[in-house]
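To be precise, the following lines are data_5.pdb, and they hold PDB, C-alpha atoms, pLDDT in the B column.
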```pdb
MODEL        1
ATOM      1  CA  THR S  24      24.985 -13.751   8.314  1.00 87.00           C
ATOM      2  CA  ALA S  25      22.202 -14.665  10.721  1.00 95.00           C
ATOM      3  CA  GLU S  26      22.361 -17.502  13.261  1.00 96.00           C
ATOM      4  CA  GLU S  27      20.709 -20.560  11.683  1.00 97.00           C
ATOM      5  CA  SER S  28      22.404 -23.422  13.522  1.00 96.00           C
ATOM      6  CA  ALA S  29      19.092 -24.501  15.104  1.00 96.00           C
ATOM      7  CA  SER S  30      17.175 -24.506  11.812  1.00 97.00           C
ATOM      8  CA  THR S  31      15.736 -27.695  10.336  1.00 98.00           C
ATOM      9  CA  PRO S  32      14.084 -28.572   6.992  1.00 97.00           C
ATOM     10  CA  GLU S  33      10.777 -28.960   8.839  1.00 98.00           C
ATOM     11  CA  GLY S  34      11.230 -25.580  10.513  1.00 98.00           C
ATOM     12  CA  ILE S  35      12.022 -23.862   7.232  1.00 97.00           C
ATOM     13  CA  ASN S  36       8.881 -25.387   5.710  1.00 97.00           C
ATOM     14  CA  ALA S  37       6.840 -24.089   8.653  1.00 97.00           C
ATOM     15  CA  VAL S  38       8.105 -20.527   8.121  1.00 97.00           C
ATOM     16  CA  VAL S  39       7.623 -20.724   4.356  1.00 97.00           C
ATOM     17  CA  ASN S  40       4.087 -22.081   4.760  1.00 97.00           C
ATOM     18  CA  ALA S  41       3.274 -19.280   7.203  1.00 97.00           C
ATOM     19  CA  ASN S  42       4.519 -16.719   4.700  1.00 96.00           C
ATOM     20  CA  ASN S  43       2.460 -18.311   1.916  1.00 95.00           C
ATOM     21  CA  GLN S  44      -0.695 -18.344   4.035  1.00 96.00           C
ATOM     22  CA  PHE S  45      -0.231 -14.672   4.835  1.00 96.00           C
ATOM     23  CA  ALA S  46       0.523 -13.880   1.177  1.00 94.00           C
ATOM     24  CA  VAL S  47      -2.770 -15.378  -0.010  1.00 92.00           C
ATOM     25  CA  SER S  48      -4.790 -13.606   2.688  1.00 93.00           C
ATOM     26  CA  MET S  49      -3.059 -10.293   2.018  1.00 93.00           C
ATOM     27  CA  TYR S  50      -3.548 -10.611  -1.726  1.00 88.00           C
ATOM     28  CA  GLN S  51      -7.266 -11.231  -1.277  1.00 87.00           C
ATOM     29  CA  GLN S  52      -7.523  -8.028   0.752  1.00 87.00           C
ATOM     30  CA  LEU S  53      -5.452  -5.922  -1.655  1.00 85.00           C
ATOM     31  CA  ASN S  54      -7.097  -7.376  -4.731  1.00 76.00           C
ATOM     32  CA  GLY S  55     -10.511  -6.381  -3.441  1.00 71.00           C
ATOM     33  CA  GLN S  56      -9.300  -2.828  -2.864  1.00 68.00           C
ATOM     34  CA  SER S  57      -7.583  -2.607  -6.278  1.00 57.00           C
ATOM     35  CA  LYS S  58     -10.822  -3.445  -8.075  1.00 60.00           C
ATOM     36  CA  GLN S  59     -12.342  -0.309  -6.598  1.00 59.00           C
ATOM     37  CA  VAL S  60      -9.591   1.949  -8.000  1.00 59.00           C
ATOM     38  CA  ASP S  61      -8.769  -0.049 -11.168  1.00 63.00           C
ATOM     39  CA  SER S  62      -5.079  -0.476 -10.355  1.00 70.00           C
ATOM     40  CA  ASN S  63      -2.494  -3.243 -10.266  1.00 75.00           C
ATOM     41  CA  VAL S  64      -1.326  -4.897  -7.040  1.00 79.00           C
ATOM     42  CA  PHE S  65       2.334  -5.443  -6.210  1.00 84.00           C
ATOM     43  CA  PHE S  66       3.605  -6.306  -2.742  1.00 88.00           C
ATOM     44  CA  SER S  67       6.260  -8.407  -1.018  1.00 92.00           C
ATOM     45  CA  PRO S  68       4.869 -10.829   1.578  1.00 94.00           C
ATOM     46  CA  TYR S  69       8.402 -11.685   2.678  1.00 94.00           C
ATOM     47  CA  SER S  70       9.145  -8.024   3.433  1.00 93.00           C
ATOM     48  CA  LEU S  71       6.056  -7.752   5.601  1.00 94.00           C
ATOM     49  CA  THR S  72       6.530 -11.028   7.460  1.00 95.00           C
ATOM     50  CA  SER S  73      10.227 -10.323   8.064  1.00 93.00           C
ATOM     51  CA  ALA S  74       9.645  -6.849   9.458  1.00 92.00           C
ATOM     52  CA  VAL S  75       6.734  -7.876  11.657  1.00 95.00           C
ATOM     53  CA  ALA S  76       8.646 -10.948  12.860  1.00 95.00           C
ATOM     54  CA  MET S  77      11.070  -8.532  14.519  1.00 93.00           C
ATOM     55  CA  LEU S  78       8.102  -6.919  16.260  1.00 92.00           C
ATOM     56  CA  TYR S  79       6.617 -10.306  17.129  1.00 95.00           C
ATOM     57  CA  ALA S  80       9.801 -11.239  18.961  1.00 92.00           C
ATOM     58  CA  ALA S  81       9.074  -8.492  21.502  1.00 90.00           C
ATOM     59  CA  SER S  82       5.281  -8.708  21.683  1.00 93.00           C
ATOM     60  CA  GLU S  83       3.184 -10.116  24.512  1.00 94.00           C
ATOM     61  CA  GLY S  84      -0.449 -10.849  25.352  1.00 96.00           C
ATOM     62  CA  ASP S  85      -3.211  -9.865  22.933  1.00 97.00           C
ATOM     63  CA  THR S  86      -0.778  -8.105  20.592  1.00 96.00           C
ATOM     64  CA  LYS S  87       1.271 -11.271  20.197  1.00 96.00           C
ATOM     65  CA  ALA S  88      -1.855 -13.383  19.663  1.00 97.00           C
ATOM     66  CA  GLN S  89      -3.236 -11.034  17.003  1.00 97.00           C
ATOM     67  CA  ILE S  90       0.081 -10.927  15.123  1.00 97.00           C
ATOM     68  CA  GLN S  91       0.286 -14.725  15.196  1.00 97.00           C
ATOM     69  CA  ARG S  92      -3.241 -15.097  13.816  1.00 96.00           C
ATOM     70  CA  THR S  93      -2.551 -12.645  11.016  1.00 97.00           C
ATOM     71  CA  PHE S  94       0.892 -13.916   9.994  1.00 97.00           C
ATOM     72  CA  HIS S  95       0.461 -17.600  10.946  1.00 97.00           C
ATOM     73  CA  TYR S  96       3.864 -17.623  12.656  1.00 97.00           C
ATOM     74  CA  PRO S  97       5.079 -20.817  14.323  1.00 96.00           C
ATOM     75  CA  SER S  98       6.497 -20.552  17.851  1.00 95.00           C
ATOM     76  CA  LEU S  99       9.532 -18.307  18.314  1.00 95.00           C
ATOM     77  CA  PRO S 100      11.980 -21.226  18.808  1.00 96.00           C
ATOM     78  CA  ILE S 101      10.969 -22.313  15.282  1.00 97.00           C
ATOM     79  CA  LEU S 102      10.408 -18.909  13.720  1.00 97.00           C
ATOM     80  CA  ASN S 103      13.706 -17.268  14.684  1.00 97.00           C
ATOM     81  CA  PRO S 104      16.393 -19.735  13.528  1.00 98.00           C
ATOM     82  CA  ASN S 105      14.485 -20.741  10.401  1.00 98.00           C
ATOM     83  CA  SER S 106      13.873 -17.113   9.453  1.00 97.00           C
ATOM     84  CA  ALA S 107      17.639 -16.760   9.828  1.00 97.00           C
ATOM     85  CA  ALA S 108      18.173 -19.659   7.428  1.00 97.00           C
ATOM     86  CA  LEU S 109      15.951 -18.009   4.812  1.00 96.00           C
ATOM     87  CA  TYR S 110      17.693 -14.676   5.340  1.00 96.00           C
ATOM     88  CA  ASN S 111      21.064 -16.299   4.707  1.00 96.00           C
ATOM     89  CA  GLN S 112      19.746 -18.134   1.658  1.00 95.00           C
ATOM     90  CA  PHE S 113      18.450 -14.922   0.116  1.00 93.00           C
ATOM     91  CA  ASN S 114      21.665 -13.046   0.826  1.00 94.00           C
ATOM     92  CA  LYS S 115      24.171 -15.641  -0.336  1.00 94.00           C
ATOM     93  CA  PRO S 116      26.396 -14.411  -3.197  1.00 93.00           C
ATOM     94  CA  SER S 117      25.817 -15.691  -6.717  1.00 95.00           C
ATOM     95  CA  SER S 118      27.410 -14.955 -10.061  1.00 95.00           C
ATOM     96  CA  ASN S 119      24.045 -15.411 -11.789  1.00 96.00           C
ATOM     97  CA  TYR S 120      21.920 -12.894  -9.916  1.00 95.00           C
ATOM     98  CA  LYS S 121      21.854 -10.174  -7.289  1.00 95.00           C
ATOM     99  CA  LEU S 122      19.403 -10.874  -4.464  1.00 94.00           C
ATOM    100  CA  ASN S 123      19.644  -9.414  -0.997  1.00 92.00           C
ATOM    101  CA  THR S 124      17.414  -8.214   1.783  1.00 94.00           C
ATOM    102  CA  ILE S 125      17.981  -5.855   4.683  1.00 92.00           C
ATOM    103  CA  ASN S 126      16.125  -5.425   7.977  1.00 93.00           C
ATOM    104  CA  ASP S 127      16.314  -2.349  10.197  1.00 93.00           C
ATOM    105  CA  LEU S 128      14.795  -1.155  13.445  1.00 92.00           C
ATOM    106  CA  TRP S 129      14.748   2.635  13.808  1.00 95.00           C
ATOM    107  CA  LEU S 130      14.134   3.963  17.344  1.00 94.00           C
ATOM    108  CA  GLN S 131      13.589   7.376  18.849  1.00 95.00           C
ATOM    109  CA  GLN S 132      16.863   8.397  20.450  1.00 94.00           C
ATOM    110  CA  GLY S 133      16.846   8.197  24.208  1.00 92.00           C
ATOM    111  CA  ARG S 134      14.898   4.952  24.297  1.00 89.00           C
ATOM    112  CA  THR S 135      16.685   1.927  25.700  1.00 87.00           C
ATOM    113  CA  PRO S 136      15.472  -1.325  24.138  1.00 86.00           C
ATOM    114  CA  ASN S 137      15.786  -4.596  26.026  1.00 90.00           C
ATOM    115  CA  GLN S 138      19.224  -6.027  25.282  1.00 92.00           C
ATOM    116  CA  ALA S 139      17.872  -9.546  24.793  1.00 93.00           C
ATOM    117  CA  TYR S 140      15.511  -8.193  22.141  1.00 92.00           C
ATOM    118  CA  VAL S 141      18.300  -6.303  20.391  1.00 92.00           C
ATOM    119  CA  ASP S 142      20.362  -9.486  20.340  1.00 94.00           C
ATOM    120  CA  THR S 143      17.439 -11.401  18.793  1.00 94.00           C
ATOM    121  CA  VAL S 144      16.969  -8.861  16.011  1.00 93.00           C
ATOM    122  CA  LYS S 145      20.667  -8.899  15.162  1.00 94.00           C
ATOM    123  CA  ARG S 146      21.179 -12.636  15.615  1.00 96.00           C
ATOM    124  CA  TYR S 147      18.250 -14.023  13.649  1.00 97.00           C
ATOM    125  CA  TYR S 148      17.205 -11.231  11.272  1.00 95.00           C
ATOM    126  CA  GLY S 149      20.468  -9.498  10.470  1.00 93.00           C
ATOM    127  CA  GLY S 150      18.740  -6.370  11.733  1.00 90.00           C
ATOM    128  CA  GLN S 151      20.474  -3.145  12.592  1.00 88.00           C
ATOM    129  CA  ILE S 152      19.339  -0.968  15.501  1.00 89.00           C
ATOM    130  CA  ASN S 153      19.425   2.715  14.551  1.00 93.00           C
ATOM    131  CA  MET S 154      18.745   5.699  16.816  1.00 95.00           C
ATOM    132  CA  LEU S 155      17.099   8.736  15.217  1.00 96.00           C
ATOM    133  CA  ASP S 156      15.487  11.940  16.448  1.00 96.00           C
ATOM    134  CA  PHE S 157      11.920  11.689  15.181  1.00 96.00           C
ATOM    135  CA  LYS S 158      10.731  14.281  17.691  1.00 95.00           C
ATOM    136  CA  ASP S 159      12.905  17.295  16.847  1.00 96.00           C
ATOM    137  CA  ASN S 160      14.398  16.311  13.480  1.00 96.00           C
ATOM    138  CA  THR S 161      11.529  14.510  11.788  1.00 96.00           C
ATOM    139  CA  ALA S 162      12.503  15.367   8.215  1.00 95.00           C
ATOM    140  CA  ALA S 163      16.142  14.428   8.714  1.00 96.00           C
ATOM    141  CA  ALA S 164      15.182  11.100  10.282  1.00 96.00           C
ATOM    142  CA  ARG S 165      12.883  10.301   7.372  1.00 97.00           C
ATOM    143  CA  GLN S 166      15.584  11.229   4.866  1.00 97.00           C
ATOM    144  CA  MET S 167      18.137   8.995   6.545  1.00 96.00           C
ATOM    145  CA  ILE S 168      15.809   5.997   6.323  1.00 97.00           C
ATOM    146  CA  ASN S 169      14.952   6.717   2.696  1.00 97.00           C
ATOM    147  CA  ASP S 170      18.613   7.179   1.775  1.00 97.00           C
ATOM    148  CA  LYS S 171      19.564   3.787   3.211  1.00 95.00           C
ATOM    149  CA  ILE S 172      16.729   1.996   1.426  1.00 95.00           C
ATOM    150  CA  ALA S 173      17.525   3.788  -1.846  1.00 96.00           C
ATOM    151  CA  LYS S 174      21.187   2.825  -1.601  1.00 94.00           C
ATOM    152  CA  HIS S 175      20.372  -0.793  -0.801  1.00 93.00           C
ATOM    153  CA  THR S 176      17.954  -1.099  -3.735  1.00 94.00           C
ATOM    154  CA  ASN S 177      20.210   0.678  -6.239  1.00 93.00           C
ATOM    155  CA  GLN S 178      17.827   3.673  -6.230  1.00 95.00           C
ATOM    156  CA  MET S 179      14.861   1.501  -7.279  1.00 94.00           C
ATOM    157  CA  ILE S 180      13.012   2.616  -4.116  1.00 93.00           C
ATOM    158  CA  PRO S 181      14.050   6.271  -3.818  1.00 94.00           C
ATOM    159  CA  GLU S 182      11.392   7.199  -1.239  1.00 94.00           C
ATOM    160  CA  LEU S 183      10.079   4.439   0.967  1.00 93.00           C
ATOM    161  CA  LEU S 184       8.574   6.831   3.501  1.00 95.00           C
ATOM    162  CA  SER S 185       6.448   9.803   2.483  1.00 93.00           C
ATOM    163  CA  LYS S 186       6.379  13.075   4.404  1.00 90.00           C
ATOM    164  CA  GLU S 187       3.135  12.102   6.118  1.00 89.00           C
ATOM    165  CA  SER S 188       4.412   8.708   7.276  1.00 92.00           C
ATOM    166  CA  ILE S 189       6.605  10.053  10.102  1.00 93.00           C
ATOM    167  CA  GLN S 190       5.399  12.384  12.826  1.00 93.00           C
ATOM    168  CA  PRO S 191       7.200  13.960  15.824  1.00 95.00           C
ATOM    169  CA  ASN S 192       5.489  11.411  18.081  1.00 95.00           C
ATOM    170  CA  THR S 193       6.838   8.449  16.082  1.00 95.00           C
ATOM    171  CA  SER S 194       8.572   6.029  18.442  1.00 93.00           C
ATOM    172  CA  ALA S 195       9.845   3.211  16.213  1.00 92.00           C
ATOM    173  CA  ILE S 196       9.926   2.127  12.576  1.00 94.00           C
ATOM    174  CA  LEU S 197      10.617  -1.323  11.158  1.00 92.00           C
ATOM    175  CA  THR S 198      11.825  -1.564   7.569  1.00 93.00           C
ATOM    176  CA  ASN S 199      12.663  -4.344   5.142  1.00 93.00           C
ATOM    177  CA  ALA S 200      13.897  -3.954   1.587  1.00 93.00           C
ATOM    178  CA  VAL S 201      14.530  -6.601  -1.070  1.00 93.00           C
ATOM    179  CA  TYR S 202      16.662  -6.069  -4.178  1.00 95.00           C
ATOM    180  CA  PHE S 203      16.691  -8.544  -7.054  1.00 95.00           C
ATOM    181  CA  LYS S 204      18.295  -8.252 -10.486  1.00 95.00           C
ATOM    182  CA  THR S 205      19.176 -10.891 -13.066  1.00 96.00           C
ATOM    183  CA  ASP S 206      18.545 -11.998 -16.654  1.00 95.00           C
ATOM    184  CA  TRP S 207      16.200 -14.658 -17.942  1.00 94.00           C
ATOM    185  CA  PHE S 208      17.625 -18.113 -18.607  1.00 94.00           C
ATOM    186  CA  SER S 209      16.434 -17.629 -22.186  1.00 91.00           C
ATOM    187  CA  ARG S 210      15.982 -14.107 -23.468  1.00 89.00           C
ATOM    188  CA  PHE S 211      12.641 -12.965 -24.844  1.00 89.00           C
ATOM    189  CA  THR S 212      12.178 -11.421 -28.293  1.00 90.00           C
ATOM    190  CA  VAL S 213       9.994  -8.351 -28.769  1.00 89.00           C
ATOM    191  CA  SER S 214       7.025  -9.127 -30.989  1.00 86.00           C
ATOM    192  CA  GLY S 215       5.255  -5.755 -31.046  1.00 86.00           C
ATOM    193  CA  ASP S 216       1.589  -5.005 -30.383  1.00 90.00           C
ATOM    194  CA  MET S 217      -0.668  -8.007 -30.010  1.00 90.00           C
ATOM    195  CA  PRO S 218      -4.107  -8.536 -28.411  1.00 90.00           C
ATOM    196  CA  PHE S 219      -4.077  -9.103 -24.664  1.00 86.00           C
ATOM    197  CA  HIS S 220      -7.084 -11.132 -23.495  1.00 81.00           C
ATOM    198  CA  TYR S 221      -8.657 -10.106 -20.199  1.00 78.00           C
ATOM    199  CA  PHE S 222     -10.543 -12.539 -18.010  1.00 70.00           C
ATOM    200  CA  ASP S 223     -13.845 -10.780 -18.765  1.00 75.00           C
ATOM    201  CA  GLY S 224     -13.440 -11.493 -22.495  1.00 80.00           C
ATOM    202  CA  THR S 225     -12.300  -8.025 -23.595  1.00 87.00           C
ATOM    203  CA  THR S 226      -8.997  -7.362 -25.348  1.00 90.00           C
ATOM    204  CA  SER S 227      -6.542  -4.527 -25.877  1.00 90.00           C
ATOM    205  CA  ASP S 228      -3.331  -4.213 -27.911  1.00 92.00           C
ATOM    206  CA  VAL S 229      -0.157  -4.176 -25.805  1.00 90.00           C
ATOM    207  CA  ASP S 230       3.567  -4.701 -26.399  1.00 90.00           C
ATOM    208  CA  MET S 231       4.342  -8.417 -26.301  1.00 90.00           C
ATOM    209  CA  MET S 232       7.457 -10.603 -26.169  1.00 89.00           C
ATOM    210  CA  PHE S 233       8.002 -14.277 -26.855  1.00 87.00           C
ATOM    211  CA  GLN S 234      10.525 -17.114 -26.931  1.00 86.00           C
ATOM    212  CA  ASN S 235      10.513 -20.631 -28.365  1.00 84.00           C
ATOM    213  CA  THR S 236      11.497 -22.536 -25.240  1.00 84.00           C
ATOM    214  CA  ASP S 237      10.064 -25.437 -23.270  1.00 86.00           C
ATOM    215  CA  PHE S 238       8.778 -24.422 -19.839  1.00 89.00           C
ATOM    216  CA  ARG S 239       7.591 -26.401 -16.852  1.00 92.00           C
ATOM    217  CA  TYR S 240       3.813 -26.112 -16.967  1.00 92.00           C
ATOM    218  CA  SER S 241       0.789 -27.347 -15.044  1.00 93.00           C
ATOM    219  CA  GLU S 242      -2.933 -26.641 -14.942  1.00 91.00           C
ATOM    220  CA  ASP S 243      -6.144 -27.664 -13.238  1.00 90.00           C
ATOM    221  CA  GLU S 244      -9.774 -26.629 -13.621  1.00 87.00           C
ATOM    222  CA  GLN S 245      -9.124 -23.142 -12.227  1.00 87.00           C
ATOM    223  CA  VAL S 246      -5.602 -21.990 -13.086  1.00 89.00           C
ATOM    224  CA  GLN S 247      -2.631 -22.429 -15.382  1.00 92.00           C
ATOM    225  CA  VAL S 248       0.893 -22.224 -13.947  1.00 94.00           C
ATOM    226  CA  VAL S 249       4.117 -21.762 -15.879  1.00 93.00           C
ATOM    227  CA  GLU S 250       7.649 -21.531 -14.457  1.00 94.00           C
ATOM    228  CA  LEU S 251      10.094 -19.107 -16.111  1.00 94.00           C
ATOM    229  CA  PRO S 252      13.711 -19.769 -15.023  1.00 94.00           C
ATOM    230  CA  TYR S 253      16.282 -17.038 -14.519  1.00 95.00           C
ATOM    231  CA  LYS S 254      19.939 -17.100 -15.528  1.00 95.00           C
ATOM    232  CA  GLY S 255      21.779 -20.023 -13.969  1.00 94.00           C
ATOM    233  CA  ASN S 256      18.522 -21.924 -13.459  1.00 93.00           C
ATOM    234  CA  GLU S 257      18.773 -21.365  -9.688  1.00 93.00           C
ATOM    235  CA  LEU S 258      15.728 -19.122  -9.341  1.00 94.00           C
ATOM    236  CA  SER S 259      12.499 -18.842 -11.290  1.00 95.00           C
ATOM    237  CA  MET S 260       9.291 -16.871 -11.634  1.00 94.00           C
ATOM    238  CA  LEU S 261       5.949 -18.645 -11.267  1.00 92.00           C
ATOM    239  CA  VAL S 262       3.130 -17.140 -13.323  1.00 91.00           C
ATOM    240  CA  VAL S 263      -0.387 -18.126 -12.265  1.00 89.00           C
ATOM    241  CA  LEU S 264      -3.103 -17.392 -14.818  1.00 84.00           C
ATOM    242  CA  PRO S 265      -6.828 -17.808 -14.080  1.00 81.00           C
ATOM    243  CA  LYS S 266      -8.288 -20.212 -16.591  1.00 79.00           C
ATOM    244  CA  SER S 267     -11.055 -18.659 -18.681  1.00 67.00           C
ATOM    245  CA  LYS S 268     -13.943 -20.693 -20.040  1.00 56.00           C
ATOM    246  CA  GLU S 269     -12.670 -20.375 -23.608  1.00 57.00           C
ATOM    247  CA  PRO S 270      -8.970 -21.045 -24.418  1.00 52.00           C
ATOM    248  CA  SER S 271      -7.256 -17.824 -25.444  1.00 49.00           C
ATOM    249  CA  ARG S 272      -4.416 -17.505 -27.917  1.00 47.00           C
ATOM    250  CA  MET S 273      -2.054 -17.007 -24.953  1.00 46.00           C
ATOM    251  CA  GLN S 274      -3.305 -20.174 -23.300  1.00 48.00           C
ATOM    252  CA  MET S 275      -2.853 -22.210 -26.471  1.00 46.00           C
ATOM    253  CA  LEU S 276       0.661 -20.814 -26.932  1.00 50.00           C
ATOM    254  CA  ILE S 277       1.648 -21.815 -23.398  1.00 46.00           C
ATOM    255  CA  LYS S 278       0.289 -25.313 -23.962  1.00 45.00           C
ATOM    256  CA  ASN S 279       2.322 -25.658 -27.123  1.00 45.00           C
ATOM    257  CA  LEU S 280       5.477 -24.699 -25.233  1.00 46.00           C
ATOM    258  CA  SER S 281       4.809 -26.800 -22.148  1.00 43.00           C
ATOM    259  CA  THR S 282       6.652 -29.940 -21.088  1.00 37.00           C
TER     260      THR S 282
ENDMDL
END
```

Translate this structure into structure tokens?
Amino acid sequence: TAEESASTPEGINAVVNANNQFAVSMYQQLNGQSKQVDSNVFFSPYSLTSAVAMLYAASEGDTKAQIQRTFHYPSLPILNPNSAALYNQFNKPSSNYKLNTINDLWLQQGRTPNQAYVDTVKRYYGGQINMLDFKDNTAAARQMINDKIAKHTNQMIPELLSKESIQPNTSAILTNAVYFKTDWFSRFTVSGDMPFHYFDGTTSDVDMMFQNTDFRYSEDEQVQVVELPYKGNELSMLVVLPKSKEPSRMQMLIKNLST
């Protein structure tokens, strides 16, 4: 577990809000790029903010200022213990789901990191400091990192780092991995091919699923939001759907199921 004794509800909210601000900004960037290649976007803001927070703890000057502007971090006395509280929350055991995250700092062997920095990474981020030989054993170093991430994610991420991502002059690598597995609170039923309505008004037939359950639901002039709980009703998925000008069959179905 990480050291969270100095965390507060206000501090946790500050870290969460920083993560959310970064998530929106990052999504806007990635979404613009995905439109050019006609692909989906999937990323973990928490993974990015957690990994870079370990770098932020050692940064100074312009580097520190640029990281803070990008990730909206609060001051380190707030960021560190409240990041620890979130880390512990995500890694607490549950009989209803499996959720855990792991942070690692991989350094070129022979380098001697500042001991105070090492203590910060371990104390607040549950991070492990690992020495590897990027210079003379690049492939082996890459494989060791990939093997640890694959093991931690139950082989769901078999190759985090590609061959081109590590070079002999690599000095340090920060990694974060998140693993989550559970069942829905109420199971869905397969309904077969049905029309999927795109925002531009076009449709295509795709495999659908449904359930007759009341969900927490909200909407405004721009979006519709529905909350889908997982087993145990401890965690949930929030689905945000842009509201089209004309109500689609999907939109009407959600309204009928809403509370």

**Request:** Please identify all polymer residues within 8 Å of Leu102 (chain S), counting only C-alpha atoms, omitting same-chain residues fewer than 4 positions from it, and present them as a PyMOL selection string.
**Result:** chain S and resi 34+38+96-98+106

Starting from the displayed file, determine the output of the PyMOL selection byres ((chain S and resi 205) around 10) and express the residue list as a CSV table (one decimal) with C-alpha atoms, in the frame of the given file.
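The result, written out as part_28.csv:
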```
chain,number,residue,atom,x,y,z
S,118,SER,CA,27.4,-15.0,-10.1
S,119,ASN,CA,24.0,-15.4,-11.8
S,120,TYR,CA,21.9,-12.9,-9.9
S,121,LYS,CA,21.9,-10.2,-7.3
S,122,LEU,CA,19.4,-10.9,-4.5
S,203,PHE,CA,16.7,-8.5,-7.1
S,204,LYS,CA,18.3,-8.3,-10.5
S,206,ASP,CA,18.5,-12.0,-16.7
S,207,TRP,CA,16.2,-14.7,-17.9
S,208,PHE,CA,17.6,-18.1,-18.6
S,253,TYR,CA,16.3,-17.0,-14.5
S,254,LYS,CA,19.9,-17.1,-15.5
S,255,GLY,CA,21.8,-20.0,-14.0
S,258,LEU,CA,15.7,-19.1,-9.3
```

**Message:** Evaluated on this file, the PyMOL selection byres ((chain S and resi 77-87) around 12) picks out some residues - which ones are they, written as a ChimeraX atom specification?
**Reply:** /S:70-76,88-103,106-107,126-129,136-152,195-199

**Request:** Just give me the gap between CA of Ala200 (chain S) and CA of Met49 (chain S) in Å, one decimal is fine.
**Result:**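 Calculated distance between CA of Ala200 (chain S) and CA of Met49 (chain S) is 18.1 Å.
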
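Distances here use all atoms listed in the file; by that measure, the residue among S:Tyr50, S:Phe157, S:Tyr202, S:Phe233 closest to Asn177 (chain S) is S:Tyr202.
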
**Asked** When you draw a straight line from CA of Arg165 (chain S) to CA of Gln131 (chain S), how long is it in Å?
**Response**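 These two atoms are separated by 11.9 Å.
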
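Distances here use all atoms listed in the file; by that measure, the residue among S:Ser209, S:Ala46, S:Gly224, S:Tyr110 closest to Asn256 (chain S) is S:Ser209.
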
**Message:** Please list, as number ranges by chain, the residues that have an atom at most 8 Å away from (13.5, 7.7, 17.4) in the coordinates of this file, counting only C-alpha atoms.
**Reply:** S: 129-134, 154-158, 193-195

Residue neighbourhood Leu251 (chain S), 7 Å, only C-alpha atoms, exclusion window fewer than 5 positions, as a short mmCIF file (atom, residue, chain, number, x, y, z; two decimals) with C-alpha atoms, keeping the file's coordinate frame:
```cif
data_model
loop_
_atom_site.label_atom_id
_atom_site.label_comp_id
_atom_site.auth_asym_id
_atom_site.auth_seq_id
_atom_site.Cartn_x
_atom_site.Cartn_y
_atom_site.Cartn_z
CA PHE S 238 8.78 -24.42 -19.84
CA SER S 259 12.50 -18.84 -11.29
CA MET S 260 9.29 -16.87 -11.63
CA LEU S 261 5.95 -18.64 -11.27
#
```

**Å distance separating CA of Asn114 (chain S) from CA of Ala25 (chain S), one decimal place** =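 Taking CA of Asn114 (chain S) as the start and CA of Ala25 (chain S) as the end point, the length is 10.0 Å.
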
At a cut-off of 7 Å, using only C-alpha atoms, what residues contact Met217 (chain S)? Leave out same-chain residues fewer than 2 positions from it and give the result as a short mmCIF file (atom, residue, chain, number, x, y, z; two decimals) with C-alpha atoms, in the coordinates of the input.
```
data_model
loop_
_atom_site.label_atom_id
_atom_site.label_comp_id
_atom_site.auth_asym_id
_atom_site.auth_seq_id
_atom_site.Cartn_x
_atom_site.Cartn_y
_atom_site.Cartn_z
CA GLY S 215 5.26 -5.76 -31.05
CA PHE S 219 -4.08 -9.10 -24.66
CA ASP S 228 -3.33 -4.21 -27.91
CA VAL S 229 -0.16 -4.18 -25.80
CA ASP S 230 3.57 -4.70 -26.40
CA MET S 231 4.34 -8.42 -26.30
#
```

**Asked** Quick one: residues within 12 Å of Gln178 (chain S), all atoms listed in the file counted, chain neighbours fewer than 4 positions away excluded, as a list of chain:residue names?
**Response**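 The neighbour list is S:Asn169, S:Asp170, S:Lys171, S:Ile172, S:Ala173, S:Lys174, S:Glu182, S:Leu183, S:Ala200, S:Val201, S:Tyr202.
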
Writer output for current selection, C-alpha atoms, as a JSON list (two decimals), keeping the file's coordinate frame:
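Wrote it out as selection-v2.json, contents follow:
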```
[["chain", "number", "residue", "atom", "x", "y", "z"],
["S", 169, "ASN", "CA", 14.95, 6.72, 2.70],
["S", 170, "ASP", "CA", 18.61, 7.18, 1.78],
["S", 171, "LYS", "CA", 19.56, 3.79, 3.21],
["S", 172, "ILE", "CA", 16.73, 2.00, 1.43],
["S", 173, "ALA", "CA", 17.52, 3.79, -1.85],
["S", 174, "LYS", "CA", 21.19, 2.82, -1.60],
["S", 182, "GLU", "CA", 11.39, 7.20, -1.24],
["S", 183, "LEU", "CA", 10.08, 4.44, 0.97],
["S", 200, "ALA", "CA", 13.90, -3.95, 1.59],
["S", 201, "VAL", "CA", 14.53, -6.60, -1.07],
["S", 202, "TYR", "CA", 16.66, -6.07, -4.18]]
```

**Message:** Please enumerate the residues selected by the PyMOL selection byres ((chain S and resi 27) around 7) when evaluated against the supplied file, formatted as an MDAnalysis selection string.
**Reply:** chainID S and resid 25:26 28:30 104:105 107:108

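Of the residues under consideration (S:Leu184, S:Leu264, S:Thr24, S:Thr226), S:Leu264 shows the shortest atom-to-atom contact distance to Gln245 (chain S) when counting only C-alpha atoms.
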
**Message:** Measuring between only C-alpha atoms, which one of S:Gln234, S:Gln247, S:Ser185, S:Asn111 shows the shortest distance to Val213 (chain S)?
**Reply:**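 Closest residue, counting only C-alpha atoms: S:Gln234.
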
**Item:** Residue with smallest distance to Leu109 (chain S) - pool S:Ser227, S:Asn153, S:Asn42, S:Ser241, counting only C-alpha atoms
**Value:**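 Once distances to Leu109 (chain S) are computed over only C-alpha atoms, the minimum belongs to S:Asn42.
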
All file atoms of region 213-216 of chain S boxed axis-aligned, 4 Å per side, centre plus edges, as JSON:
```
{"center_x": 5.8, "center_y": -7.1, "center_z": -29.9, "size_x": 16.4, "size_y": 12.1, "size_z": 10.3}
```

**Item:** Distance criterion (all atoms listed in the file): nearest to Tyr221 (chain S) out of S:Asp237, S:Val249, S:Pro265, S:Ser48
**Value:**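 Between S:Asp237, S:Val249, S:Pro265, S:Ser48, the residue approaching Tyr221 (chain S) most closely is S:Pro265.
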